[in-house]
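The next block holds one structure in the form of structure tokens; read it before the comments.
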Amino acid sequence: MNQTMVTYFIIKGISDVPQLQAPIFVVVLLIYLMTLGGNMTILHLVSQDPHLHTPMYFFLGNLSMLDMSYTTITSNRVFVNFISGHNSVSYVSYIVQYYMFGSLAVNQLLLLTVMSYDRYVAICNPLCYHMTMNHTVCVLLAIFCWVFGFLQMLPYIVLLTQYTCYRSNIINHFFCDVLPLLKLTCSDTTFFYTLVLSEGVFIMVLTPFMLTFISYVFIITAILRIRSTSGRRKAFYTCSSHLTVVILLYVSLTCQYMRPSAKDSLDENKILSAFNIAIVPLLNPLIYSLKNNDVKSALRRKFRSSKALL
């Protein structure tokens, strides 16, 4: 079997059928623009509307910035490949894009965990909410999520740079992910998968999941203790948007990376990746807009002020 040192990779894309390249580009571009528009709207409302200057919406603003970065990092290969007509990417660029993609994915898990803790304090200990989740604490938690995500990915990048020998340089994917890269390397990847399983899955996925799950156990218990139906409904409504986003993210990640055949079925992974990196960031602002009274009220106030200026 041929084994070569590679300096660049060829990204096959979502489909290698020439007639489908233009329609795929248009669809991805439309989804990308809608994702940017939705998240920029949320970010604008959170920053400009005084009613949304609370810890919950501070973290929601961070989530919107993360979603915009996440979809930009992963979608740019589709745009570059179509516009330039070249599907090649340098080895260094591939590793850098995977580092950014992986770091932002970790950031998202951590940020959603912090948001679940915010909801826990708000519902289970409301009298101490503003003291516990003060501005300094919120900023430090947000900084921790961003910094730790980028630091956590460094060991994986160091390991990947040791794999310079590959059976082929053709990547069956549409962005720079790690699974198709590992499938092509002729190096022993046992330690990499062990690190992914021990540190990646159990620490960076299961730990945030368990912390989020525990938070919601306490939240639901506290909600059930509320005597009035309207009180229970109002308490649940304050965390329903976040819970929907959490379920959507963990289900998509589980289907994409934790299936028994995830390492082998790269074509299936491309479909699941497309959903995870394009549809999920698109749905997040819609979920928070449609299921959150505060955001809907902020949108109405924004529309009224815009009409008044006209």
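As shown in the structure tokens, the chain order sets the letters A, B, ...; within each chain, residues go from 1, and ligands are also counted from 1 in the order they appear.
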Could you list, as an mmCIF file with C-alpha atoms, in the first residue's frame, every residue within 12 Å of Val96 (chain A), counting only C-alpha atoms and ignoring same-chain residues fewer than 2 positions away?
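File around_29.cif, as written:
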data_model
loop_
_atom_site.group_PDB
_atom_site.id
_atom_site.type_symbol
_atom_site.label_atom_id
_atom_site.label_comp_id
_atom_site.auth_asym_id
_atom_site.auth_seq_id
_atom_site.Cartn_x
_atom_site.Cartn_y
_atom_site.Cartn_z
ATOM 1 C CA ILE A 73 -15.085 28.167 10.206
ATOM 2 C CA THR A 74 -16.797 25.092 8.781
ATOM 3 C CA VAL A 89 -6.064 22.836 1.227
ATOM 4 C CA SER A 90 -2.583 22.875 2.727
ATOM 5 C CA TYR A 91 -1.688 20.509 5.540
ATOM 6 C CA VAL A 92 -1.184 23.428 7.943
ATOM 7 C CA SER A 93 -4.517 25.021 6.999
ATOM 8 C CA TYR A 94 -6.282 21.703 7.528
ATOM 9 C CA TYR A 98 -9.734 21.460 12.744
ATOM 10 C CA TYR A 99 -8.224 23.160 15.805
ATOM 11 C CA MET A 100 -10.655 26.070 15.492
ATOM 12 C CA PHE A 101 -13.611 23.757 14.844
ATOM 13 C CA GLY A 102 -12.806 21.478 17.791
ATOM 14 C CA SER A 103 -12.147 24.387 20.149
ATOM 15 C CA PHE A 150 -8.836 26.439 22.904
ATOM 16 C CA MET A 153 -7.618 21.025 21.907
ATOM 17 C CA LEU A 154 -3.845 21.539 21.963
ATOM 18 C CA TYR A 156 -4.905 16.624 19.879
ATOM 19 C CA ILE A 157 -3.177 19.042 17.519
ATOM 20 C CA VAL A 158 0.255 18.024 18.824
ATOM 21 C CA LEU A 160 -1.981 15.081 14.689
ATOM 22 C CA THR A 161 1.199 16.882 13.653
ATOM 23 C CA PHE A 175 -14.500 20.635 5.888
ATOM 24 C CA CYS A 176 -11.401 19.823 7.914
ATOM 25 C CA ASP A 177 -12.621 17.252 10.430
ATOM 26 C CA VAL A 178 -10.497 14.685 12.227
#
With a distance cut-off of 12 Å and only C-alpha atoms, select the neighbouring residues of Met65 (chain A), excluding the residue or stretch itself and same-chain residues fewer than 6 positions from it, and output the selection as a VMD selection string.
chain A and resid 35 to 44 46 58 to 59 71 to 72 104 107 to 108 111 142 146 281 284 to 285
Once you have the residues from the selection above, write them out as an mmCIF file, in the first residue's frame, restricted to N, CA and C atoms.
data_model
loop_
_atom_site.group_PDB
_atom_site.id
_atom_site.type_symbol
_atom_site.label_atom_id
_atom_site.label_comp_id
_atom_site.auth_asym_id
_atom_site.auth_seq_id
_atom_site.Cartn_x
_atom_site.Cartn_y
_atom_site.Cartn_z
ATOM 1 N N THR A 35 -28.164 32.134 9.202
ATOM 2 C CA THR A 35 -27.543 31.905 10.511
ATOM 3 C C THR A 35 -26.903 33.177 11.037
ATOM 4 N N LEU A 36 -26.156 33.869 10.165
ATOM 5 C CA LEU A 36 -25.548 35.140 10.563
ATOM 6 C C LEU A 36 -26.620 36.156 10.944
ATOM 7 N N GLY A 37 -27.660 36.241 10.126
ATOM 8 C CA GLY A 37 -28.712 37.216 10.394
ATOM 9 C C GLY A 37 -29.418 36.960 11.710
ATOM 10 N N GLY A 38 -29.766 35.701 11.972
ATOM 11 C CA GLY A 38 -30.453 35.361 13.216
ATOM 12 C C GLY A 38 -29.605 35.619 14.438
ATOM 13 N N ASN A 39 -28.353 35.174 14.389
ATOM 14 C CA ASN A 39 -27.476 35.343 15.553
ATOM 15 C C ASN A 39 -27.058 36.794 15.752
ATOM 16 N N MET A 40 -26.881 37.541 14.654
ATOM 17 C CA MET A 40 -26.564 38.963 14.795
ATOM 18 C C MET A 40 -27.747 39.731 15.374
ATOM 19 N N THR A 41 -28.955 39.307 15.037
ATOM 20 C CA THR A 41 -30.145 39.930 15.622
ATOM 21 C C THR A 41 -30.192 39.701 17.128
ATOM 22 N N ILE A 42 -29.955 38.452 17.544
ATOM 23 C CA ILE A 42 -29.927 38.136 18.980
ATOM 24 C C ILE A 42 -28.837 38.945 19.666
ATOM 25 N N LEU A 43 -27.657 38.991 19.065
ATOM 26 C CA LEU A 43 -26.534 39.715 19.665
ATOM 27 C C LEU A 43 -26.836 41.204 19.766
ATOM 28 N N HIS A 44 -27.462 41.761 18.748
ATOM 29 C CA HIS A 44 -27.819 43.184 18.762
ATOM 30 C C HIS A 44 -28.845 43.470 19.857
ATOM 31 N N VAL A 46 -29.448 41.733 22.603
ATOM 32 C CA VAL A 46 -28.847 41.535 23.928
ATOM 33 C C VAL A 46 -27.974 42.717 24.316
ATOM 34 N N PHE A 58 -26.607 37.584 28.661
ATOM 35 C CA PHE A 58 -25.167 37.762 28.456
ATOM 36 C C PHE A 58 -24.570 36.482 27.875
ATOM 37 N N PHE A 59 -24.955 35.342 28.456
ATOM 38 C CA PHE A 59 -24.462 34.056 27.941
ATOM 39 C C PHE A 59 -25.079 33.736 26.587
ATOM 40 N N THR A 71 -20.081 28.286 12.443
ATOM 41 C CA THR A 71 -20.558 28.036 11.083
ATOM 42 C C THR A 71 -19.650 28.682 10.045
ATOM 43 N N THR A 72 -18.987 29.800 10.387
ATOM 44 C CA THR A 72 -18.050 30.435 9.452
ATOM 45 C C THR A 72 -16.828 29.554 9.227
ATOM 46 N N LEU A 104 -14.132 25.449 19.226
ATOM 47 C CA LEU A 104 -15.450 26.067 19.308
ATOM 48 C C LEU A 104 -16.513 25.058 19.738
ATOM 49 N N ASN A 107 -16.111 24.821 23.411
ATOM 50 C CA ASN A 107 -16.653 26.061 23.972
ATOM 51 C C ASN A 107 -18.166 25.997 24.093
ATOM 52 N N GLN A 108 -18.808 25.445 23.064
ATOM 53 C CA GLN A 108 -20.264 25.373 23.060
ATOM 54 C C GLN A 108 -20.779 24.479 24.183
ATOM 55 N N LEU A 111 -20.249 26.376 27.457
ATOM 56 C CA LEU A 111 -21.140 27.527 27.581
ATOM 57 C C LEU A 111 -22.562 27.090 27.912
ATOM 58 N N ALA A 142 -17.544 33.166 31.238
ATOM 59 C CA ALA A 142 -17.464 33.236 29.781
ATOM 60 C C ALA A 142 -16.015 33.122 29.301
ATOM 61 N N TRP A 146 -14.257 30.139 26.798
ATOM 62 C CA TRP A 146 -13.514 30.407 25.565
ATOM 63 C C TRP A 146 -12.066 29.957 25.660
ATOM 64 N N PRO A 281 -26.776 25.813 14.429
ATOM 65 C CA PRO A 281 -26.590 27.264 14.648
ATOM 66 C C PRO A 281 -27.710 28.110 14.057
ATOM 67 N N ASN A 284 -30.767 27.757 16.667
ATOM 68 C CA ASN A 284 -30.593 28.334 18.006
ATOM 69 C C ASN A 284 -31.271 29.695 18.167
ATOM 70 N N PRO A 285 -31.008 30.687 17.286
ATOM 71 C CA PRO A 285 -31.692 31.978 17.456
ATOM 72 C C PRO A 285 -33.190 31.885 17.255
#
12 Å contact set for Ile247 (chain A), only C-alpha atoms, chain neighbours under 2 positions out, as a ChimeraX atom specification:
/A:109,112,209,212-213,216,240-245,249-254,280,284
DSSP alpha helix (DSSP H) residues within region 79-251 of chain A, listed as a PyMOL selection string
chain A and resi 79-84+91-124+129-132+135-152+154-160+179-184+190-195+206-225+229-251
Region 5-8 of chain A surroundings by only C-alpha atoms, 12 Å radius, close-in-sequence under 6 positions cut, as a list in words
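Close residues of region 5-8 of chain A: His86, Asn87, Ser88, Val89, Ser90, Tyr91, Val92, Ser93, Tyr94, Ile95, Thr161, Gln162, Tyr163, Thr164, Cys165, Tyr166, Arg167, Ser168, Asn169, Ile170, Ile171, Cys176, Leu181, Leu184, Thr185, Cys186 and Ser187 of chain A.
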With N, CA and C atoms kept, could you save the residues just selected as a PDB file, in the first residue's frame?
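See out12.pdb below for the written result:
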ATOM      1  N   HIS A  86     -10.830  25.177  -6.849  1.00  0.00           N
ATOM      2  CA  HIS A  86      -9.799  24.261  -6.365  1.00  0.00           C
ATOM      3  C   HIS A  86     -10.223  23.681  -5.013  1.00  0.00           C
ATOM      4  N   ASN A  87     -10.129  22.370  -4.897  1.00  0.00           N
ATOM      5  CA  ASN A  87     -10.544  21.688  -3.666  1.00  0.00           C
ATOM      6  C   ASN A  87      -9.375  21.393  -2.735  1.00  0.00           C
ATOM      7  N   SER A  88      -8.225  21.934  -3.030  1.00  0.00           N
ATOM      8  CA  SER A  88      -7.049  21.618  -2.226  1.00  0.00           C
ATOM      9  C   SER A  88      -6.908  22.565  -1.041  1.00  0.00           C
ATOM     10  N   VAL A  89      -6.348  22.045   0.036  1.00  0.00           N
ATOM     11  CA  VAL A  89      -6.064  22.836   1.227  1.00  0.00           C
ATOM     12  C   VAL A  89      -4.733  22.351   1.783  1.00  0.00           C
ATOM     13  N   SER A  90      -3.904  23.255   2.217  1.00  0.00           N
ATOM     14  CA  SER A  90      -2.583  22.875   2.727  1.00  0.00           C
ATOM     15  C   SER A  90      -2.719  22.089   4.028  1.00  0.00           C
ATOM     16  N   TYR A  91      -1.701  21.310   4.313  1.00  0.00           N
ATOM     17  CA  TYR A  91      -1.688  20.509   5.540  1.00  0.00           C
ATOM     18  C   TYR A  91      -1.840  21.401   6.764  1.00  0.00           C
ATOM     19  N   VAL A  92      -1.120  22.509   6.791  1.00  0.00           N
ATOM     20  CA  VAL A  92      -1.184  23.428   7.943  1.00  0.00           C
ATOM     21  C   VAL A  92      -2.574  24.020   8.084  1.00  0.00           C
ATOM     22  N   SER A  93      -3.174  24.439   6.963  1.00  0.00           N
ATOM     23  CA  SER A  93      -4.517  25.021   6.999  1.00  0.00           C
ATOM     24  C   SER A  93      -5.542  24.009   7.496  1.00  0.00           C
ATOM     25  N   TYR A  94      -5.365  22.753   7.082  1.00  0.00           N
ATOM     26  CA  TYR A  94      -6.282  21.703   7.528  1.00  0.00           C
ATOM     27  C   TYR A  94      -6.227  21.558   9.044  1.00  0.00           C
ATOM     28  N   ILE A  95      -5.024  21.491   9.587  1.00  0.00           N
ATOM     29  CA  ILE A  95      -4.858  21.319  11.031  1.00  0.00           C
ATOM     30  C   ILE A  95      -5.399  22.530  11.779  1.00  0.00           C
ATOM     31  N   THR A 161       0.015  16.431  14.390  1.00  0.00           N
ATOM     32  CA  THR A 161       1.199  16.882  13.653  1.00  0.00           C
ATOM     33  C   THR A 161       2.272  15.798  13.568  1.00  0.00           C
ATOM     34  N   GLN A 162       2.134  14.755  14.399  1.00  0.00           N
ATOM     35  CA  GLN A 162       3.075  13.636  14.312  1.00  0.00           C
ATOM     36  C   GLN A 162       2.719  12.680  13.184  1.00  0.00           C
ATOM     37  N   TYR A 163       1.455  12.770  12.692  1.00  0.00           N
ATOM     38  CA  TYR A 163       1.004  11.883  11.630  1.00  0.00           C
ATOM     39  C   TYR A 163       1.250  12.570  10.282  1.00  0.00           C
ATOM     40  N   THR A 164       2.395  12.349   9.711  1.00  0.00           N
ATOM     41  CA  THR A 164       2.743  12.988   8.434  1.00  0.00           C
ATOM     42  C   THR A 164       2.670  12.018   7.265  1.00  0.00           C
ATOM     43  N   CYS A 165       2.432  10.748   7.535  1.00  0.00           N
ATOM     44  CA  CYS A 165       2.401   9.733   6.490  1.00  0.00           C
ATOM     45  C   CYS A 165       0.951   9.296   6.256  1.00  0.00           C
ATOM     46  N   TYR A 166       0.476   9.401   5.006  1.00  0.00           N
ATOM     47  CA  TYR A 166      -0.916   9.087   4.689  1.00  0.00           C
ATOM     48  C   TYR A 166      -1.008   8.212   3.446  1.00  0.00           C
ATOM     49  N   ARG A 167      -2.037   7.359   3.417  1.00  0.00           N
ATOM     50  CA  ARG A 167      -2.262   6.478   2.267  1.00  0.00           C
ATOM     51  C   ARG A 167      -2.781   7.251   1.068  1.00  0.00           C
ATOM     52  N   SER A 168      -3.427   8.368   1.335  1.00  0.00           N
ATOM     53  CA  SER A 168      -3.983   9.205   0.278  1.00  0.00           C
ATOM     54  C   SER A 168      -4.135  10.615   0.818  1.00  0.00           C
ATOM     55  N   ASN A 169      -4.278  11.573  -0.070  1.00  0.00           N
ATOM     56  CA  ASN A 169      -4.512  12.949   0.387  1.00  0.00           C
ATOM     57  C   ASN A 169      -5.917  13.442   0.004  1.00  0.00           C
ATOM     58  N   ILE A 170      -6.801  12.494  -0.338  1.00  0.00           N
ATOM     59  CA  ILE A 170      -8.175  12.836  -0.707  1.00  0.00           C
ATOM     60  C   ILE A 170      -9.074  12.647   0.518  1.00  0.00           C
ATOM     61  N   ILE A 171      -9.656  13.737   0.998  1.00  0.00           N
ATOM     62  CA  ILE A 171     -10.484  13.739   2.204  1.00  0.00           C
ATOM     63  C   ILE A 171     -11.952  13.654   1.812  1.00  0.00           C
ATOM     64  N   CYS A 176     -12.581  20.480   7.355  1.00  0.00           N
ATOM     65  CA  CYS A 176     -11.401  19.823   7.914  1.00  0.00           C
ATOM     66  C   CYS A 176     -11.704  19.179   9.262  1.00  0.00           C
ATOM     67  N   LEU A 181      -9.402  12.233   8.410  1.00  0.00           N
ATOM     68  CA  LEU A 181      -7.943  12.343   8.424  1.00  0.00           C
ATOM     69  C   LEU A 181      -7.328  11.103   9.069  1.00  0.00           C
ATOM     70  N   LEU A 184      -7.157   7.944   6.976  1.00  0.00           N
ATOM     71  CA  LEU A 184      -6.163   7.868   5.906  1.00  0.00           C
ATOM     72  C   LEU A 184      -4.729   7.690   6.391  1.00  0.00           C
ATOM     73  N   THR A 185      -4.465   8.026   7.652  1.00  0.00           N
ATOM     74  CA  THR A 185      -3.085   7.969   8.114  1.00  0.00           C
ATOM     75  C   THR A 185      -2.592   6.530   8.230  1.00  0.00           C
ATOM     76  N   CYS A 186      -1.323   6.333   7.949  1.00  0.00           N
ATOM     77  CA  CYS A 186      -0.733   5.006   8.089  1.00  0.00           C
ATOM     78  C   CYS A 186      -0.011   4.861   9.429  1.00  0.00           C
ATOM     79  N   SER A 187      -0.132   5.877  10.286  1.00  0.00           N
ATOM     80  CA  SER A 187       0.462   5.825  11.618  1.00  0.00           C
ATOM     81  C   SER A 187      -0.478   5.114  12.579  1.00  0.00           C
TER      82      SER A 187
END
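With only C-alpha atoms as the basis for measurement, A:Ser75 is the residue among A:Gln97, A:Ser198, A:Ser75, A:Ser69 that approaches Val27 (chain A) most closely.
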Residue list (strand (DSSP E or B), DSSP) for region 86-278 of chain A, as a ChimeraX atom specification
/A:88-90,165-166,170-171,185
Counting only C-alpha atoms, the option among A:Leu45, A:Val78, A:Val196, A:Val139 closest to Lys296 (chain A):
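Ranked by minimum distance to Lys296 (chain A), first place goes to A:Leu45.
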From the options A:Leu282, A:Ser305, A:Gly149, A:Asn276, which residue's atoms come nearest to Met68 (chain A), counting only C-alpha atoms?
A:Leu282
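Nearest residue to Ala278 (chain A), choosing from A:Lys183, A:Ala22, A:Asn76, A:Ile219 and counting only C-alpha atoms: A:Asn76.
Closest approach to Phe144 (chain A) among A:Asp294, A:Ser116, A:Leu182, A:Val106: A:Val106, based on only C-alpha atoms.
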Non-local contacts of region 48-50 of chain A (9 Å; only C-alpha atoms; under 5 positions in same chain excluded) as a PyMOL selection string:
chain A and resi 43+298+301-302
Nearest to Ile31 (chain A) by atom-to-atom distance, counting only C-alpha atoms, from A:Ile287, A:Ser47, A:Ile277, A:Leu299
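Ranked by minimum distance to Ile31 (chain A), first place goes to A:Ile277.
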